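Participant: Dropping a structure here in structure tokens format, bear with me for questions.
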Amino acid sequence: SKVASTIGATELQNLPMITRTISGMLELLPGAAPIEPMHRSKQNVGSVSYGGSAGTNVISTVDGADNRDNAYGGPLMSYTVEGLEQFQLSTSLFNATDGRGAGAALQMVTKSGTNQLHGSVFGDERDRRLSGKDYFTKRAGTDKVPFSRQQYGGSVGGPIIRNRMFFFGAIEKVEEDTSLPVPNSSPTDAYGQLNLLVNAMKAGQIPSGLVNPNHPLFAPTPGRLVMFTVKGNAQLTNTQSVMLRYAGQRDDRDAVTVSTNNDQREPENSRIRM
């Protein structure tokens, strides 16, 4: 039989994570580890390596339908954790349904409505004031990188026709404001020479007001992510049923570069609509 690890709805709700994402959940499973995003379009949702691989050779399915990113590898669309019933990560000895890749197989199952009307609301907050300086920040004597993250959403499900038709919907939004440090520790850095002039001005070696001491120390890279899913189920007979699901994702991440060369090249902002 295949080797796999499964996380159900109870674990999805109660496991401690820094971010409530599918990648964050997968990082808790044996053989999985976080890696740098495989592409700029995946910065908001993250990337995961399986068994030491690059993370691109994973077959992802949602309710049995293909969800593989054929361009950059890994899952194509990310789903709100609030709308997932369970997911399973298979790492070896695949069966016929998930044997199309050499890395891992990720199977996700979304929640459905029941005869009971139920719902949920959640909210998570992370702020710069709640984090400390790491070793390198302390050694450099610089400020903490600005950081603010709000993640909130909810779900609702219930019956349309009792014992026959059901509905379920979930939505989640992530607002993250962070920055990249501007290199300024040596004369060859973007603002290194300006730092030397600022220090000389403060020491009275050059006239006051010759340079602006308030040059930027951080380059903002804000990100926004919205995920939603709507699902309807109909039990036609005791052995036959039909399901209709509509999901969407709006993923935005600004790009920034800091360079001493004025070559008029800038990285493109990431704007994804699915």
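Here, A, B, ... name the chains of the structure tokens in the order displayed, residue numbers run from 1 inside each chain, and ligands are numbered from 1 in the same displayed order.
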What's the 8 Å shell around Arg224 in chain A, counting only C-alpha atoms, without same-chain residues fewer than 2 positions away, as a PDB file with N, CA, C and O atoms, in the first residue's frame?

Facilitator:
```
ATOM      1  N   ASN A  44       2.788  34.626  -1.717  1.00  0.00           N
ATOM      2  CA  ASN A  44       1.750  34.764  -0.698  1.00  0.00           C
ATOM      3  C   ASN A  44       1.321  33.426  -0.115  1.00  0.00           C
ATOM      4  O   ASN A  44       0.860  33.370   1.031  1.00  0.00           O
ATOM      5  N   LYS A 173      -9.234  36.175   3.694  1.00  0.00           N
ATOM      6  CA  LYS A 173      -8.444  37.291   3.166  1.00  0.00           C
ATOM      7  C   LYS A 173      -7.185  37.462   4.001  1.00  0.00           C
ATOM      8  O   LYS A 173      -7.221  37.372   5.226  1.00  0.00           O
ATOM      9  N   VAL A 174      -6.065  37.714   3.317  1.00  0.00           N
ATOM     10  CA  VAL A 174      -4.778  37.947   3.965  1.00  0.00           C
ATOM     11  C   VAL A 174      -4.252  39.305   3.519  1.00  0.00           C
ATOM     12  O   VAL A 174      -4.188  39.587   2.320  1.00  0.00           O
ATOM     13  N   GLU A 175      -3.907  40.150   4.482  1.00  0.00           N
ATOM     14  CA  GLU A 175      -3.301  41.448   4.204  1.00  0.00           C
ATOM     15  C   GLU A 175      -1.952  41.501   4.906  1.00  0.00           C
ATOM     16  O   GLU A 175      -1.891  41.488   6.132  1.00  0.00           O
ATOM     17  N   GLU A 176      -0.897  41.541   4.131  1.00  0.00           N
ATOM     18  CA  GLU A 176       0.459  41.520   4.699  1.00  0.00           C
ATOM     19  C   GLU A 176       1.244  42.721   4.195  1.00  0.00           C
ATOM     20  O   GLU A 176       1.347  42.959   2.984  1.00  0.00           O
ATOM     21  N   PRO A 222       4.176  45.025  -0.161  1.00  0.00           N
ATOM     22  CA  PRO A 222       2.888  44.576   0.383  1.00  0.00           C
ATOM     23  C   PRO A 222       2.294  43.441  -0.441  1.00  0.00           C
ATOM     24  O   PRO A 222       2.531  43.330  -1.649  1.00  0.00           O
ATOM     25  N   VAL A 226      -6.899  36.826  -1.495  1.00  0.00           N
ATOM     26  CA  VAL A 226      -8.298  36.500  -1.225  1.00  0.00           C
ATOM     27  C   VAL A 226      -8.594  35.137  -1.845  1.00  0.00           C
ATOM     28  O   VAL A 226      -8.303  34.903  -3.024  1.00  0.00           O
ATOM     29  N   ARG A 250      -7.594  35.681  -5.684  1.00  0.00           N
ATOM     30  CA  ARG A 250      -7.016  36.962  -6.106  1.00  0.00           C
ATOM     31  C   ARG A 250      -5.723  37.151  -5.314  1.00  0.00           C
ATOM     32  O   ARG A 250      -5.760  37.273  -4.095  1.00  0.00           O
ATOM     33  N   ASP A 251      -4.619  37.168  -6.027  1.00  0.00           N
ATOM     34  CA  ASP A 251      -3.299  37.159  -5.394  1.00  0.00           C
ATOM     35  C   ASP A 251      -2.480  38.330  -5.919  1.00  0.00           C
ATOM     36  O   ASP A 251      -2.212  38.425  -7.122  1.00  0.00           O
ATOM     37  N   ASP A 252      -2.094  39.244  -5.031  1.00  0.00           N
ATOM     38  CA  ASP A 252      -1.323  40.421  -5.415  1.00  0.00           C
ATOM     39  C   ASP A 252      -0.084  40.537  -4.528  1.00  0.00           C
ATOM     40  O   ASP A 252      -0.185  40.413  -3.305  1.00  0.00           O
ATOM     41  N   ARG A 253       1.060  40.791  -5.144  1.00  0.00           N
ATOM     42  CA  ARG A 253       2.303  41.022  -4.412  1.00  0.00           C
ATOM     43  C   ARG A 253       3.144  42.031  -5.189  1.00  0.00           C
ATOM     44  O   ARG A 253       3.475  41.810  -6.346  1.00  0.00           O
TER      45      ARG A 253
END
```

Participant: So that I can check the secondary structure, give me every residue of range 43-254 of chain A assigned alpha helix (DSSP H) by backbone DSSP, as a list in words.

Facilitator: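 Output for range 43-254 of chain A, alpha helix (DSSP H) only: Tyr135, Phe136, Thr137, Lys138, Arg139, Ala140, Gly192, Gln193, Leu194, Asn195, Leu196, Leu197, Val198, Asn199, Ala200, Met201 and Lys202 of chain A.
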
Participant: Could those residues be written to a file, using N, CA and C atoms, as a compact mmCIF listing (two decimals), in the first residue's frame?

Facilitator:
```txt
# COMPACT_ATOMS: atom_id res chain seq x y z
N TYR A 135 19.46 37.38 15.19
CA TYR A 135 20.89 37.54 15.48
C TYR A 135 21.55 38.54 14.53
N PHE A 136 21.24 38.44 13.24
CA PHE A 136 21.91 39.28 12.26
C PHE A 136 21.44 40.73 12.37
N THR A 137 20.16 40.94 12.71
CA THR A 137 19.67 42.31 12.88
C THR A 137 20.34 42.97 14.08
N LYS A 138 20.48 42.21 15.17
CA LYS A 138 21.16 42.76 16.35
C LYS A 138 22.62 43.07 16.04
N ARG A 139 23.28 42.18 15.32
CA ARG A 139 24.69 42.38 15.02
C ARG A 139 24.90 43.59 14.12
N ALA A 140 23.98 43.82 13.18
CA ALA A 140 24.11 44.96 12.28
C ALA A 140 23.68 46.27 12.94
N GLY A 192 25.06 52.97 0.68
CA GLY A 192 26.26 52.97 1.51
C GLY A 192 27.00 54.29 1.47
N GLN A 193 27.18 54.86 0.28
CA GLN A 193 27.87 56.14 0.16
C GLN A 193 27.08 57.26 0.82
N LEU A 194 25.75 57.19 0.68
CA LEU A 194 24.93 58.21 1.33
C LEU A 194 25.05 58.12 2.84
N ASN A 195 25.15 56.90 3.37
CA ASN A 195 25.34 56.73 4.80
C ASN A 195 26.63 57.39 5.28
N LEU A 196 27.69 57.26 4.48
CA LEU A 196 28.96 57.89 4.84
C LEU A 196 28.82 59.41 4.91
N LEU A 197 28.07 59.97 3.95
CA LEU A 197 27.87 61.42 3.95
C LEU A 197 27.01 61.86 5.14
N VAL A 198 25.99 61.05 5.48
CA VAL A 198 25.14 61.38 6.62
C VAL A 198 25.96 61.37 7.91
N ASN A 199 26.80 60.36 8.08
CA ASN A 199 27.64 60.29 9.28
C ASN A 199 28.63 61.44 9.34
N ALA A 200 29.18 61.81 8.16
CA ALA A 200 30.11 62.94 8.13
C ALA A 200 29.40 64.25 8.47
N MET A 201 28.14 64.39 8.03
CA MET A 201 27.38 65.60 8.33
C MET A 201 27.07 65.68 9.82
N LYS A 202 26.72 64.52 10.43
CA LYS A 202 26.43 64.51 11.85
C LYS A 202 27.69 64.83 12.68
```

Participant: Name the residues in contact with range 33-35 of chain A at a cut-off of 9 Å, using only C-alpha atoms, excluding same-chain residues fewer than 5 positions from it; report them as a ChimeraX atom specification.

Facilitator: /A:23-24,26-28,46-52,54-55

Participant: If you keep N, CA and C atoms, can you produce a file of those selected residues as an mmCIF file, in the first residue's frame?

Facilitator:
```cif
data_model
loop_
_atom_site.group_PDB
_atom_site.id
_atom_site.type_symbol
_atom_site.label_atom_id
_atom_site.label_comp_id
_atom_site.auth_asym_id
_atom_site.auth_seq_id
_atom_site.Cartn_x
_atom_site.Cartn_y
_atom_site.Cartn_z
ATOM 1 N N SER A 23 0.352 25.344 2.597
ATOM 2 C CA SER A 23 1.792 25.096 2.718
ATOM 3 C C SER A 23 2.198 24.955 4.179
ATOM 4 N N GLY A 24 1.619 25.795 5.049
ATOM 5 C CA GLY A 24 1.921 25.692 6.472
ATOM 6 C C GLY A 24 1.493 24.368 7.057
ATOM 7 N N LEU A 26 1.218 21.504 5.282
ATOM 8 C CA LEU A 26 2.064 20.463 4.717
ATOM 9 C C LEU A 26 3.427 20.407 5.396
ATOM 10 N N GLU A 27 3.902 21.551 5.873
ATOM 11 C CA GLU A 27 5.207 21.584 6.534
ATOM 12 C C GLU A 27 5.229 20.745 7.809
ATOM 13 N N LEU A 28 4.049 20.459 8.371
ATOM 14 C CA LEU A 28 3.965 19.671 9.591
ATOM 15 C C LEU A 28 4.039 18.171 9.338
ATOM 16 N N GLY A 46 3.320 30.376 -0.427
ATOM 17 C CA GLY A 46 4.453 29.568 -0.005
ATOM 18 C C GLY A 46 4.667 28.329 -0.857
ATOM 19 N N SER A 47 5.831 27.703 -0.693
ATOM 20 C CA SER A 47 6.189 26.479 -1.409
ATOM 21 C C SER A 47 6.778 25.482 -0.419
ATOM 22 N N VAL A 48 6.627 24.197 -0.743
ATOM 23 C CA VAL A 48 7.060 23.120 0.141
ATOM 24 C C VAL A 48 7.840 22.096 -0.666
ATOM 25 N N SER A 49 8.921 21.580 -0.064
ATOM 26 C CA SER A 49 9.705 20.511 -0.662
ATOM 27 C C SER A 49 9.310 19.180 -0.034
ATOM 28 N N TYR A 50 9.304 18.122 -0.843
ATOM 29 C CA TYR A 50 8.937 16.794 -0.363
ATOM 30 C C TYR A 50 10.110 15.848 -0.552
ATOM 31 N N GLY A 51 10.600 15.275 0.540
ATOM 32 C CA GLY A 51 11.682 14.312 0.458
ATOM 33 C C GLY A 51 12.958 14.867 -0.140
ATOM 34 N N GLY A 52 13.214 16.171 0.065
ATOM 35 C CA GLY A 52 14.432 16.776 -0.458
ATOM 36 C C GLY A 52 14.344 17.227 -1.896
ATOM 37 N N ALA A 54 12.780 19.568 -5.228
ATOM 38 C CA ALA A 54 12.650 21.005 -5.458
ATOM 39 C C ALA A 54 11.249 21.522 -5.165
ATOM 40 N N GLY A 55 10.282 20.637 -4.968
ATOM 41 C CA GLY A 55 8.920 21.056 -4.687
ATOM 42 C C GLY A 55 8.050 21.213 -5.910
#
```

Participant: Pull the strand (DSSP E) assignments for range 53-267 of chain A out of DSSP run on the backbone, and list those residues as a PyMOL selection string.

Facilitator: chain A and resi 58-62+65-66+84-92+104-110+118-127+147-161+165-181+218-220+223-235+241-253

Participant: Between CA of Thr237 in chain A and CA of Asn163 in chain A, what is the distance, to one decimal in Å?

Facilitator: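 Value for the CA of Thr237 in chain A-CA of Asn163 in chain A distance: 10.7 Å.
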